[in-house]
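The data block below is final.cif; it holds mmCIF, N, CA, C and O atoms.
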```
data_input
loop_
_atom_site.label_atom_id
_atom_site.label_comp_id
_atom_site.auth_asym_id
_atom_site.auth_seq_id
_atom_site.Cartn_x
_atom_site.Cartn_y
_atom_site.Cartn_z
N MET A 16 151.84 88.18 85.77
CA MET A 16 151.82 88.20 87.22
C MET A 16 152.66 89.38 87.70
O MET A 16 153.78 89.58 87.26
N ASN A 17 152.12 90.13 88.61
CA ASN A 17 152.79 91.30 89.17
C ASN A 17 153.72 90.84 90.29
O ASN A 17 153.30 90.14 91.21
N ARG A 18 154.97 91.24 90.26
CA ARG A 18 155.93 90.82 91.29
C ARG A 18 155.67 91.49 92.62
O ARG A 18 155.99 90.94 93.68
N LEU A 19 155.11 92.70 92.60
CA LEU A 19 154.86 93.41 93.86
C LEU A 19 153.68 92.81 94.62
O LEU A 19 153.65 92.82 95.84
N PHE A 20 152.70 92.29 93.90
CA PHE A 20 151.51 91.74 94.52
C PHE A 20 151.23 90.35 93.98
O PHE A 20 150.42 90.18 93.08
N PRO A 21 151.87 89.32 94.51
CA PRO A 21 151.64 87.96 94.02
C PRO A 21 150.19 87.52 94.27
O PRO A 21 149.53 88.01 95.17
N ALA A 22 149.74 86.60 93.45
CA ALA A 22 148.37 86.11 93.54
C ALA A 22 148.03 85.57 94.93
O ALA A 22 146.89 85.69 95.38
N ALA A 23 148.99 85.03 95.63
CA ALA A 23 148.75 84.48 96.97
C ALA A 23 148.33 85.57 97.95
O ALA A 23 147.67 85.29 98.94
N ILE A 24 148.67 86.81 97.65
CA ILE A 24 148.28 87.92 98.52
C ILE A 24 147.06 88.64 97.96
O ILE A 24 146.14 89.00 98.70
N VAL A 25 147.00 88.82 96.66
CA VAL A 25 145.93 89.59 96.04
C VAL A 25 144.57 88.92 96.23
O VAL A 25 143.60 89.58 96.58
N ARG A 26 144.49 87.62 96.01
CA ARG A 26 143.20 86.93 96.11
C ARG A 26 142.60 87.02 97.52
O ARG A 26 141.43 87.38 97.65
N PRO A 27 143.37 86.73 98.58
CA PRO A 27 142.78 86.87 99.92
C PRO A 27 142.39 88.31 100.24
O PRO A 27 141.36 88.55 100.87
N LEU A 28 143.18 89.27 99.79
CA LEU A 28 142.84 90.67 100.03
C LEU A 28 141.57 91.07 99.28
O LEU A 28 140.74 91.81 99.81
N ALA A 29 141.40 90.59 98.07
CA ALA A 29 140.20 90.88 97.30
C ALA A 29 138.97 90.28 97.99
O ALA A 29 137.92 90.91 98.09
N PHE A 30 139.11 89.06 98.49
CA PHE A 30 138.02 88.40 99.20
C PHE A 30 137.65 89.18 100.46
O PHE A 30 136.48 89.45 100.73
N LEU A 31 138.64 89.58 101.25
CA LEU A 31 138.39 90.33 102.47
C LEU A 31 137.75 91.68 102.17
O LEU A 31 136.86 92.13 102.88
N SER A 32 138.19 92.32 101.11
CA SER A 32 137.62 93.60 100.70
C SER A 32 136.14 93.44 100.34
O SER A 32 135.30 94.24 100.74
N ALA A 33 135.82 92.41 99.58
CA ALA A 33 134.43 92.16 99.20
C ALA A 33 133.58 91.85 100.43
O ALA A 33 132.46 92.34 100.58
N LEU A 34 134.11 91.05 101.33
CA LEU A 34 133.40 90.70 102.56
C LEU A 34 133.14 91.93 103.40
O LEU A 34 132.05 92.13 103.93
N LEU A 35 134.12 92.79 103.53
CA LEU A 35 133.98 94.02 104.30
C LEU A 35 132.94 94.94 103.68
O LEU A 35 132.12 95.52 104.38
N SER A 36 132.92 95.06 102.38
CA SER A 36 131.94 95.95 101.73
C SER A 36 130.52 95.43 101.93
O SER A 36 129.60 96.21 102.12
N VAL A 37 130.33 94.13 101.91
CA VAL A 37 129.01 93.56 102.17
C VAL A 37 128.61 93.81 103.61
O VAL A 37 127.48 94.19 103.91
N THR A 38 129.53 93.63 104.54
CA THR A 38 129.25 93.86 105.96
C THR A 38 128.90 95.32 106.20
O THR A 38 127.94 95.62 106.90
N LEU A 39 129.64 96.24 105.61
CA LEU A 39 129.36 97.66 105.79
C LEU A 39 128.02 98.05 105.18
O LEU A 39 127.31 98.91 105.71
N ALA A 40 127.64 97.44 104.10
CA ALA A 40 126.37 97.75 103.47
C ALA A 40 125.21 97.39 104.38
O ALA A 40 124.18 98.05 104.39
N HIS A 41 125.36 96.36 105.18
CA HIS A 41 124.30 95.93 106.09
C HIS A 41 124.39 96.61 107.45
O HIS A 41 123.51 96.46 108.26
N ALA A 42 125.43 97.36 107.70
CA ALA A 42 125.62 97.98 108.99
C ALA A 42 124.73 99.21 109.16
O ALA A 42 124.68 99.78 110.24
N HIS A 43 124.05 99.65 108.13
CA HIS A 43 123.26 100.87 108.18
C HIS A 43 121.86 100.62 107.65
O HIS A 43 121.31 101.39 106.89
N SER A 44 121.25 99.52 108.07
CA SER A 44 119.91 99.21 107.57
C SER A 44 118.86 99.97 108.39
O SER A 44 119.05 100.26 109.56
N PRO A 45 117.73 100.30 107.74
CA PRO A 45 116.69 101.07 108.42
C PRO A 45 115.90 100.23 109.42
O PRO A 45 115.79 99.02 109.29
N ARG A 46 115.37 100.92 110.41
CA ARG A 46 114.53 100.31 111.43
C ARG A 46 113.29 101.19 111.61
O ARG A 46 113.40 102.41 111.59
N LEU A 47 112.13 100.57 111.75
CA LEU A 47 110.90 101.32 112.00
C LEU A 47 110.00 100.47 112.87
O LEU A 47 109.70 99.32 112.52
N ALA A 48 109.59 101.02 113.98
CA ALA A 48 108.65 100.35 114.88
C ALA A 48 107.43 101.25 115.04
O ALA A 48 107.58 102.44 115.34
N CYS A 49 106.25 100.69 114.83
CA CYS A 49 105.01 101.45 114.97
C CYS A 49 104.12 100.75 115.98
O CYS A 49 104.07 99.52 116.03
N TYR A 50 103.42 101.54 116.78
CA TYR A 50 102.55 100.98 117.79
C TYR A 50 101.38 101.94 118.03
O TYR A 50 101.48 103.14 117.76
N PRO A 51 100.25 101.40 118.54
CA PRO A 51 99.09 102.25 118.80
C PRO A 51 99.40 103.24 119.92
O PRO A 51 100.09 102.91 120.89
N ASP A 52 98.90 104.45 119.77
CA ASP A 52 98.95 105.46 120.81
C ASP A 52 97.49 105.80 121.12
O ASP A 52 96.90 106.68 120.50
N GLY A 53 96.90 105.01 122.00
CA GLY A 53 95.47 105.10 122.24
C GLY A 53 94.73 104.39 121.11
O GLY A 53 95.30 103.56 120.40
N ASN A 54 93.45 104.72 120.95
CA ASN A 54 92.65 104.08 119.91
C ASN A 54 92.69 104.82 118.58
O ASN A 54 92.35 104.25 117.55
N GLU A 55 93.06 106.11 118.61
CA GLU A 55 92.97 106.92 117.41
C GLU A 55 94.29 107.21 116.71
O GLU A 55 94.29 107.63 115.57
N TYR A 56 95.40 107.00 117.38
CA TYR A 56 96.69 107.41 116.81
C TYR A 56 97.69 106.27 116.74
O TYR A 56 97.58 105.28 117.46
N ILE A 57 98.64 106.45 115.85
CA ILE A 57 99.77 105.53 115.70
C ILE A 57 101.03 106.35 115.92
O ILE A 57 101.13 107.48 115.44
N GLU A 58 101.99 105.79 116.62
CA GLU A 58 103.30 106.43 116.76
C GLU A 58 104.34 105.49 116.18
O GLU A 58 104.28 104.28 116.39
N CYS A 59 105.26 106.06 115.43
CA CYS A 59 106.34 105.28 114.84
C CYS A 59 107.67 105.89 115.24
O CYS A 59 107.81 107.12 115.30
N GLU A 60 108.62 105.02 115.50
CA GLU A 60 109.98 105.44 115.81
C GLU A 60 110.91 104.80 114.80
O GLU A 60 110.84 103.59 114.57
N GLY A 61 111.76 105.60 114.19
CA GLY A 61 112.66 105.10 113.17
C GLY A 61 114.11 105.34 113.52
O GLY A 61 114.43 106.09 114.44
N GLY A 62 114.96 104.70 112.79
CA GLY A 62 116.40 104.85 112.98
C GLY A 62 117.13 103.91 112.06
O GLY A 62 116.56 103.35 111.13
N PHE A 63 118.41 103.79 112.32
CA PHE A 63 119.26 102.90 111.54
C PHE A 63 119.97 101.94 112.48
O PHE A 63 120.19 102.25 113.65
N SER A 64 120.31 100.77 111.97
CA SER A 64 120.88 99.71 112.79
C SER A 64 122.21 100.10 113.43
O SER A 64 122.59 99.52 114.44
N ASP A 65 122.89 101.08 112.87
CA ASP A 65 124.16 101.51 113.48
C ASP A 65 123.95 102.57 114.55
O ASP A 65 124.90 103.11 115.09
N GLY A 66 122.68 102.88 114.87
CA GLY A 66 122.37 103.83 115.91
C GLY A 66 122.23 105.26 115.43
O GLY A 66 121.91 106.15 116.22
N SER A 67 122.45 105.51 114.15
CA SER A 67 122.37 106.88 113.66
C SER A 67 120.91 107.34 113.60
O SER A 67 119.99 106.55 113.46
N SER A 68 120.73 108.64 113.73
CA SER A 68 119.42 109.27 113.76
C SER A 68 118.73 109.17 112.40
O SER A 68 119.37 109.17 111.35
N ALA A 69 117.41 109.14 112.45
CA ALA A 69 116.62 109.16 111.23
C ALA A 69 115.83 110.48 111.14
O ALA A 69 114.86 110.57 110.41
N LYS A 70 116.25 111.47 111.88
CA LYS A 70 115.59 112.78 111.86
C LYS A 70 115.46 113.27 110.42
O LYS A 70 116.41 113.24 109.65
N GLY A 71 114.24 113.68 110.07
CA GLY A 71 113.98 114.20 108.74
C GLY A 71 113.63 113.17 107.70
O GLY A 71 113.24 113.52 106.59
N VAL A 72 113.73 111.88 108.03
CA VAL A 72 113.38 110.84 107.06
C VAL A 72 111.87 110.89 106.82
O VAL A 72 111.07 110.99 107.75
N GLU A 73 111.50 110.83 105.55
CA GLU A 73 110.10 110.90 105.16
C GLU A 73 109.36 109.62 105.52
O GLU A 73 109.85 108.51 105.29
N ILE A 74 108.17 109.81 106.07
CA ILE A 74 107.28 108.70 106.40
C ILE A 74 105.98 108.92 105.64
O ILE A 74 105.44 110.03 105.64
N LYS A 75 105.51 107.88 104.97
CA LYS A 75 104.23 107.95 104.26
C LYS A 75 103.32 106.85 104.77
O LYS A 75 103.75 105.71 104.94
N VAL A 76 102.07 107.20 104.97
CA VAL A 76 101.04 106.22 105.29
C VAL A 76 100.27 106.02 103.99
O VAL A 76 99.74 106.97 103.41
N MET A 77 100.25 104.79 103.53
CA MET A 77 99.72 104.46 102.21
C MET A 77 98.54 103.49 102.29
O MET A 77 98.53 102.60 103.14
N SER A 78 97.58 103.66 101.37
CA SER A 78 96.52 102.66 101.22
C SER A 78 97.09 101.52 100.39
O SER A 78 98.14 101.65 99.77
N TYR A 79 96.36 100.41 100.35
CA TYR A 79 96.80 99.28 99.53
C TYR A 79 96.71 99.60 98.03
O TYR A 79 97.29 98.91 97.21
N GLU A 80 96.02 100.68 97.71
CA GLU A 80 95.94 101.13 96.32
C GLU A 80 97.06 102.15 96.03
O GLU A 80 97.02 102.85 95.02
N ASP A 81 98.02 102.26 96.92
CA ASP A 81 99.16 103.18 96.83
C ASP A 81 98.76 104.65 96.81
O ASP A 81 99.44 105.49 96.22
N LYS A 82 97.68 104.98 97.48
CA LYS A 82 97.27 106.37 97.66
C LYS A 82 97.89 106.86 98.97
O LYS A 82 97.85 106.17 99.99
N VAL A 83 98.48 108.06 98.95
CA VAL A 83 99.07 108.63 100.16
C VAL A 83 97.94 109.11 101.07
O VAL A 83 97.14 109.97 100.69
N LEU A 84 97.86 108.53 102.27
CA LEU A 84 96.85 108.90 103.25
C LEU A 84 97.36 109.97 104.21
O LEU A 84 96.59 110.77 104.73
N TRP A 85 98.65 109.96 104.46
CA TRP A 85 99.30 110.95 105.33
C TRP A 85 100.79 110.89 105.02
O TRP A 85 101.32 109.84 104.68
N GLN A 86 101.46 112.02 105.16
CA GLN A 86 102.91 112.00 105.05
C GLN A 86 103.51 113.06 105.94
O GLN A 86 102.88 114.07 106.26
N GLY A 87 104.71 112.78 106.40
CA GLY A 87 105.43 113.68 107.28
C GLY A 87 106.88 113.22 107.36
O GLY A 87 107.32 112.41 106.54
N ALA A 88 107.58 113.74 108.34
CA ALA A 88 108.99 113.36 108.52
C ALA A 88 109.24 113.09 110.00
O ALA A 88 108.57 113.65 110.87
N LEU A 89 110.20 112.22 110.25
CA LEU A 89 110.57 111.92 111.63
C LEU A 89 111.15 113.17 112.28
O LEU A 89 111.93 113.90 111.67
N ASP A 90 110.76 113.41 113.53
CA ASP A 90 111.21 114.60 114.24
C ASP A 90 112.60 114.41 114.84
O ASP A 90 113.28 113.41 114.56
N ALA A 91 113.02 115.32 115.69
CA ALA A 91 114.35 115.28 116.30
C ALA A 91 114.56 114.03 117.15
O ALA A 91 115.70 113.61 117.36
N LYS A 92 113.48 113.43 117.62
CA LYS A 92 113.57 112.19 118.40
C LYS A 92 113.38 110.97 117.52
O LYS A 92 113.18 109.86 118.02
N SER A 93 113.39 111.17 116.20
CA SER A 93 113.19 110.10 115.21
C SER A 93 111.85 109.40 115.37
O SER A 93 111.72 108.19 115.22
N SER A 94 110.82 110.20 115.69
CA SER A 94 109.48 109.63 115.82
C SER A 94 108.47 110.51 115.09
O SER A 94 108.74 111.66 114.76
N VAL A 95 107.30 109.93 114.88
CA VAL A 95 106.20 110.63 114.22
C VAL A 95 104.89 110.05 114.75
O VAL A 95 104.83 108.87 115.13
N ARG A 96 103.87 110.87 114.79
CA ARG A 96 102.55 110.44 115.27
C ARG A 96 101.51 110.89 114.25
O ARG A 96 101.55 112.01 113.76
N PHE A 97 100.57 110.00 113.94
CA PHE A 97 99.52 110.33 112.99
C PHE A 97 98.23 109.64 113.38
O PHE A 97 98.24 108.66 114.14
N LYS A 98 97.11 110.19 112.89
CA LYS A 98 95.80 109.60 113.16
C LYS A 98 95.67 108.30 112.38
O LYS A 98 96.02 108.22 111.21
N ARG A 99 95.18 107.27 113.05
CA ARG A 99 95.00 105.95 112.42
C ARG A 99 93.97 106.05 111.29
O ARG A 99 92.84 106.50 111.52
N PRO A 100 94.36 105.65 110.08
CA PRO A 100 93.38 105.65 108.98
C PRO A 100 92.26 104.65 109.25
O PRO A 100 92.45 103.65 109.94
N LYS A 101 91.10 104.94 108.71
CA LYS A 101 89.94 104.05 108.89
C LYS A 101 90.02 102.84 107.98
O LYS A 101 89.34 101.85 108.20
N GLN A 102 90.86 102.89 106.96
CA GLN A 102 91.01 101.78 106.02
C GLN A 102 92.34 101.07 106.26
O GLN A 102 93.16 101.52 107.04
N ASP A 103 92.52 99.92 105.61
CA ASP A 103 93.77 99.19 105.70
C ASP A 103 94.90 100.06 105.13
O ASP A 103 94.69 100.80 104.17
N PHE A 104 96.09 99.95 105.73
CA PHE A 104 97.18 100.81 105.33
C PHE A 104 98.53 100.16 105.66
O PHE A 104 98.59 99.14 106.36
N TYR A 105 99.57 100.79 105.18
CA TYR A 105 100.93 100.44 105.59
C TYR A 105 101.73 101.72 105.71
O TYR A 105 101.37 102.76 105.16
N VAL A 106 102.79 101.66 106.50
CA VAL A 106 103.65 102.82 106.75
C VAL A 106 104.96 102.58 106.01
O VAL A 106 105.57 101.52 106.16
N ARG A 107 105.39 103.56 105.24
CA ARG A 107 106.62 103.44 104.45
C ARG A 107 107.68 104.41 105.00
O ARG A 107 107.44 105.60 105.11
N PHE A 108 108.85 103.87 105.31
CA PHE A 108 110.03 104.62 105.73
C PHE A 108 110.84 104.87 104.47
O PHE A 108 111.28 103.93 103.83
N GLU A 109 110.98 106.14 104.09
CA GLU A 109 111.65 106.52 102.83
C GLU A 109 113.05 107.04 103.13
O GLU A 109 113.30 108.24 103.04
N GLY A 110 113.97 106.14 103.47
CA GLY A 110 115.32 106.54 103.85
C GLY A 110 116.31 106.63 102.71
O GLY A 110 117.51 106.71 102.93
N GLY A 111 115.85 106.60 101.49
CA GLY A 111 116.75 106.67 100.34
C GLY A 111 117.00 105.29 99.76
O GLY A 111 116.54 104.27 100.29
N GLU A 112 117.77 105.25 98.68
CA GLU A 112 118.04 104.00 97.99
C GLU A 112 118.63 102.95 98.93
O GLU A 112 119.63 103.19 99.59
N GLY A 113 117.99 101.81 99.00
CA GLY A 113 118.44 100.73 99.86
C GLY A 113 118.10 100.92 101.33
O GLY A 113 118.46 100.11 102.17
N HIS A 114 117.39 102.00 101.64
CA HIS A 114 117.06 102.30 103.04
C HIS A 114 115.57 102.58 103.21
O HIS A 114 115.18 103.47 103.95
N SER A 115 114.75 101.82 102.53
CA SER A 115 113.31 101.95 102.66
C SER A 115 112.74 100.65 103.22
O SER A 115 113.29 99.58 103.01
N LEU A 116 111.65 100.80 103.95
CA LEU A 116 110.95 99.62 104.45
C LEU A 116 109.51 99.97 104.71
O LEU A 116 109.14 101.14 104.72
N GLU A 117 108.69 98.94 104.93
CA GLU A 117 107.27 99.13 105.14
C GLU A 117 106.81 98.31 106.35
O GLU A 117 107.32 97.23 106.60
N VAL A 118 105.82 98.87 107.07
CA VAL A 118 105.19 98.19 108.20
C VAL A 118 103.70 98.13 107.89
O VAL A 118 103.05 99.16 107.70
N ASP A 119 103.17 96.93 107.82
CA ASP A 119 101.75 96.74 107.53
C ASP A 119 100.92 97.01 108.78
O ASP A 119 101.37 96.75 109.91
N HIS A 120 99.70 97.53 108.59
CA HIS A 120 98.83 97.85 109.74
C HIS A 120 98.57 96.63 110.61
O HIS A 120 98.38 96.76 111.82
N ASN A 121 98.57 95.44 110.04
CA ASN A 121 98.35 94.22 110.83
C ASN A 121 99.49 93.95 111.81
O ASN A 121 99.33 93.18 112.75
N ASP A 122 100.66 94.55 111.57
CA ASP A 122 101.82 94.33 112.44
C ASP A 122 101.93 95.40 113.52
O ASP A 122 102.87 95.38 114.32
N ILE A 123 100.98 96.33 113.57
CA ILE A 123 101.00 97.39 114.57
C ILE A 123 100.11 96.97 115.72
O ILE A 123 98.89 96.93 115.60
N ARG A 124 100.75 96.62 116.83
CA ARG A 124 99.99 96.11 118.01
C ARG A 124 100.50 96.72 119.27
O ARG A 124 101.58 96.97 119.51
#
```
Translate this structure into C-alpha cells?
Amino acid sequence: MNRLFPAAIVRPLAFLSALLSVTLAHAHSPRLACYPDGNEYIECEGGFSDGSSAKGVEIKVMSYEDKVLWQGALDAKSSVRFKRPKQDFYVRFEGGEGHSLEVDHNDIR
C-alpha cells in the first residue's frame, strides 16, 4: 500500500477517471441528416455532437452490394448534395475510427 495515495482515495479517483473518459468518448459522436431536395437530389448535413464542423469528412453513397454510387466530402457548411440513385442505397459518413455512421434511403424523408 502506498502511503501517499491510500486505497480510499485511489479507487474513487480511478472510477471518476474511467467515467470521465467514457463521457468524453461520447461527447464527439457523428451526426448526419439527409433529406430530399426536390425529386432528383438528396442533401445531407453532417457534424459532431459537440458542435464541431465536419468540413472535409468523406461521404459515400453505397448500393446494398457495397458498390460506391457517389462519393464526395462535406463542404464548408458541412453539407453535400448529390443526385438520388435510382436503386436502393445508403449514405455513409466516414469520420474516422469510431466516427462513422450510415443513413438508409428509407430514412430519407
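If you count only C-alpha atoms and ignore residues fewer than 3 places along the chain from A:Ala91, what sits within 8 Å of it is Lys70, Gly71 and Ser94 of chain A.
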Saved selection, atoms kept: N, CA, C and O atoms, as a PDB file, in the frame of the given file:
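Output file part.pdb follows:
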```pdb
ATOM      1  N   LYS A  70     116.250 111.470 111.880  1.00  0.00           N
ATOM      2  CA  LYS A  70     115.590 112.780 111.860  1.00  0.00           C
ATOM      3  C   LYS A  70     115.460 113.270 110.420  1.00  0.00           C
ATOM      4  O   LYS A  70     116.410 113.240 109.650  1.00  0.00           O
ATOM      5  N   GLY A  71     114.240 113.680 110.070  1.00  0.00           N
ATOM      6  CA  GLY A  71     113.980 114.200 108.740  1.00  0.00           C
ATOM      7  C   GLY A  71     113.630 113.170 107.700  1.00  0.00           C
ATOM      8  O   GLY A  71     113.240 113.520 106.590  1.00  0.00           O
ATOM      9  N   SER A  94     110.820 110.200 115.690  1.00  0.00           N
ATOM     10  CA  SER A  94     109.480 109.630 115.820  1.00  0.00           C
ATOM     11  C   SER A  94     108.470 110.510 115.090  1.00  0.00           C
ATOM     12  O   SER A  94     108.740 111.660 114.760  1.00  0.00           O
TER      13      SER A  94
END
```
*asked:* Neighbouring residues of stretch 112-123 of chain A were defined as those with any atom within 12 Å, considering only C-alpha atoms; residues of the same chain fewer than 5 positions away were excluded. Please report them as a VMD selection string.
replied: chain A and resid 40 to 52 54 56 to 64 69 72 to 79 99 to 107
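Here atom O of A:Glu55 and atom O of A:Val95 stand 10.6 Å from one another.
Interatomic distance, atom CA of A:Arg124 against atom CA of A:Gly53: 10.9 Å.
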*One-decimal distance in Å that lies between atom N of A:Ser67 and atom N of A:Val83*: 28.5 Å
_Run DSSP on the backbone and tell me which residues of stretch 35-75 of chain A come out as helix (DSSP H, G or I); list them as a ChimeraX atom specification._
/A:35-41
Hey, can I get the axis-aligned box for stretch 51-60 of chain A? All listed atoms, 5 Å padding on each side, centre and edge lengths in Å to one decimal, as JSON.
```
{"center_x": 101.6, "center_y": 104.5, "center_z": 118.4, "size_x": 28.6, "size_y": 16.2, "size_z": 17.7}
```
Can we get stretch 45-59 of chain A of that structure written down with N, CA, C and O atoms, as a PDB file, in the first residue's frame?
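Here's the written file selection10.pdb:
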```
ATOM      1  N   PRO A  45     -20.635  11.355 -34.276  1.00  0.00           N
ATOM      2  CA  PRO A  45     -21.035  11.934 -35.558  1.00  0.00           C
ATOM      3  C   PRO A  45     -22.541  12.082 -35.681  1.00  0.00           C
ATOM      4  O   PRO A  45     -23.312  11.347 -35.067  1.00  0.00           O
ATOM      5  N   ARG A  46     -22.930  13.045 -36.493  1.00  0.00           N
ATOM      6  CA  ARG A  46     -24.338  13.301 -36.799  1.00  0.00           C
ATOM      7  C   ARG A  46     -24.462  13.466 -38.311  1.00  0.00           C
ATOM      8  O   ARG A  46     -23.611  14.082 -38.942  1.00  0.00           O
ATOM      9  N   LEU A  47     -25.513  12.905 -38.891  1.00  0.00           N
ATOM     10  CA  LEU A  47     -25.769  13.065 -40.320  1.00  0.00           C
ATOM     11  C   LEU A  47     -27.267  13.054 -40.536  1.00  0.00           C
ATOM     12  O   LEU A  47     -27.953  12.122 -40.116  1.00  0.00           O
ATOM     13  N   ALA A  48     -27.758  14.096 -41.168  1.00  0.00           N
ATOM     14  CA  ALA A  48     -29.175  14.189 -41.514  1.00  0.00           C
ATOM     15  C   ALA A  48     -29.271  14.363 -43.028  1.00  0.00           C
ATOM     16  O   ALA A  48     -28.599  15.223 -43.596  1.00  0.00           O
ATOM     17  N   CYS A  49     -30.083  13.533 -43.662  1.00  0.00           N
ATOM     18  CA  CYS A  49     -30.271  13.603 -45.111  1.00  0.00           C
ATOM     19  C   CYS A  49     -31.753  13.792 -45.402  1.00  0.00           C
ATOM     20  O   CYS A  49     -32.603  13.218 -44.718  1.00  0.00           O
ATOM     21  N   TYR A  50     -32.040  14.595 -46.420  1.00  0.00           N
ATOM     22  CA  TYR A  50     -33.418  14.860 -46.775  1.00  0.00           C
ATOM     23  C   TYR A  50     -33.499  15.133 -48.273  1.00  0.00           C
ATOM     24  O   TYR A  50     -32.508  15.533 -48.898  1.00  0.00           O
ATOM     25  N   PRO A  51     -34.700  14.914 -48.865  1.00  0.00           N
ATOM     26  CA  PRO A  51     -34.857  15.163 -50.292  1.00  0.00           C
ATOM     27  C   PRO A  51     -34.718  16.653 -50.597  1.00  0.00           C
ATOM     28  O   PRO A  51     -35.166  17.503 -49.826  1.00  0.00           O
ATOM     29  N   ASP A  52     -34.089  16.950 -51.717  1.00  0.00           N
ATOM     30  CA  ASP A  52     -34.012  18.309 -52.242  1.00  0.00           C
ATOM     31  C   ASP A  52     -34.680  18.245 -53.614  1.00  0.00           C
ATOM     32  O   ASP A  52     -34.025  17.973 -54.621  1.00  0.00           O
ATOM     33  N   GLY A  53     -35.992  18.379 -53.612  1.00  0.00           N
ATOM     34  CA  GLY A  53     -36.768  18.146 -54.821  1.00  0.00           C
ATOM     35  C   GLY A  53     -36.929  16.648 -55.033  1.00  0.00           C
ATOM     36  O   GLY A  53     -36.776  15.854 -54.107  1.00  0.00           O
ATOM     37  N   ASN A  54     -37.236  16.259 -56.265  1.00  0.00           N
ATOM     38  CA  ASN A  54     -37.431  14.838 -56.573  1.00  0.00           C
ATOM     39  C   ASN A  54     -36.154  14.140 -57.003  1.00  0.00           C
ATOM     40  O   ASN A  54     -36.085  12.913 -56.964  1.00  0.00           O
ATOM     41  N   GLU A  55     -35.154  14.902 -57.451  1.00  0.00           N
ATOM     42  CA  GLU A  55     -33.967  14.295 -58.025  1.00  0.00           C
ATOM     43  C   GLU A  55     -32.731  14.310 -57.139  1.00  0.00           C
ATOM     44  O   GLU A  55     -31.788  13.583 -57.408  1.00  0.00           O
ATOM     45  N   TYR A  56     -32.721  15.105 -56.097  1.00  0.00           N
ATOM     46  CA  TYR A  56     -31.498  15.273 -55.308  1.00  0.00           C
ATOM     47  C   TYR A  56     -31.715  14.984 -53.825  1.00  0.00           C
ATOM     48  O   TYR A  56     -32.833  15.056 -53.326  1.00  0.00           O
ATOM     49  N   ILE A  57     -30.621  14.665 -53.177  1.00  0.00           N
ATOM     50  CA  ILE A  57     -30.583  14.463 -51.725  1.00  0.00           C
ATOM     51  C   ILE A  57     -29.566  15.456 -51.177  1.00  0.00           C
ATOM     52  O   ILE A  57     -28.501  15.640 -51.766  1.00  0.00           O
ATOM     53  N   GLU A  58     -29.870  16.065 -50.060  1.00  0.00           N
ATOM     54  CA  GLU A  58     -28.910  16.917 -49.369  1.00  0.00           C
ATOM     55  C   GLU A  58     -28.677  16.327 -47.983  1.00  0.00           C
ATOM     56  O   GLU A  58     -29.612  15.891 -47.320  1.00  0.00           O
ATOM     57  N   CYS A  59     -27.421  16.299 -47.589  1.00  0.00           N
ATOM     58  CA  CYS A  59     -27.059  15.795 -46.271  1.00  0.00           C
ATOM     59  C   CYS A  59     -26.250  16.852 -45.536  1.00  0.00           C
ATOM     60  O   CYS A  59     -25.418  17.539 -46.143  1.00  0.00           O
TER      61      CYS A  59
END
```
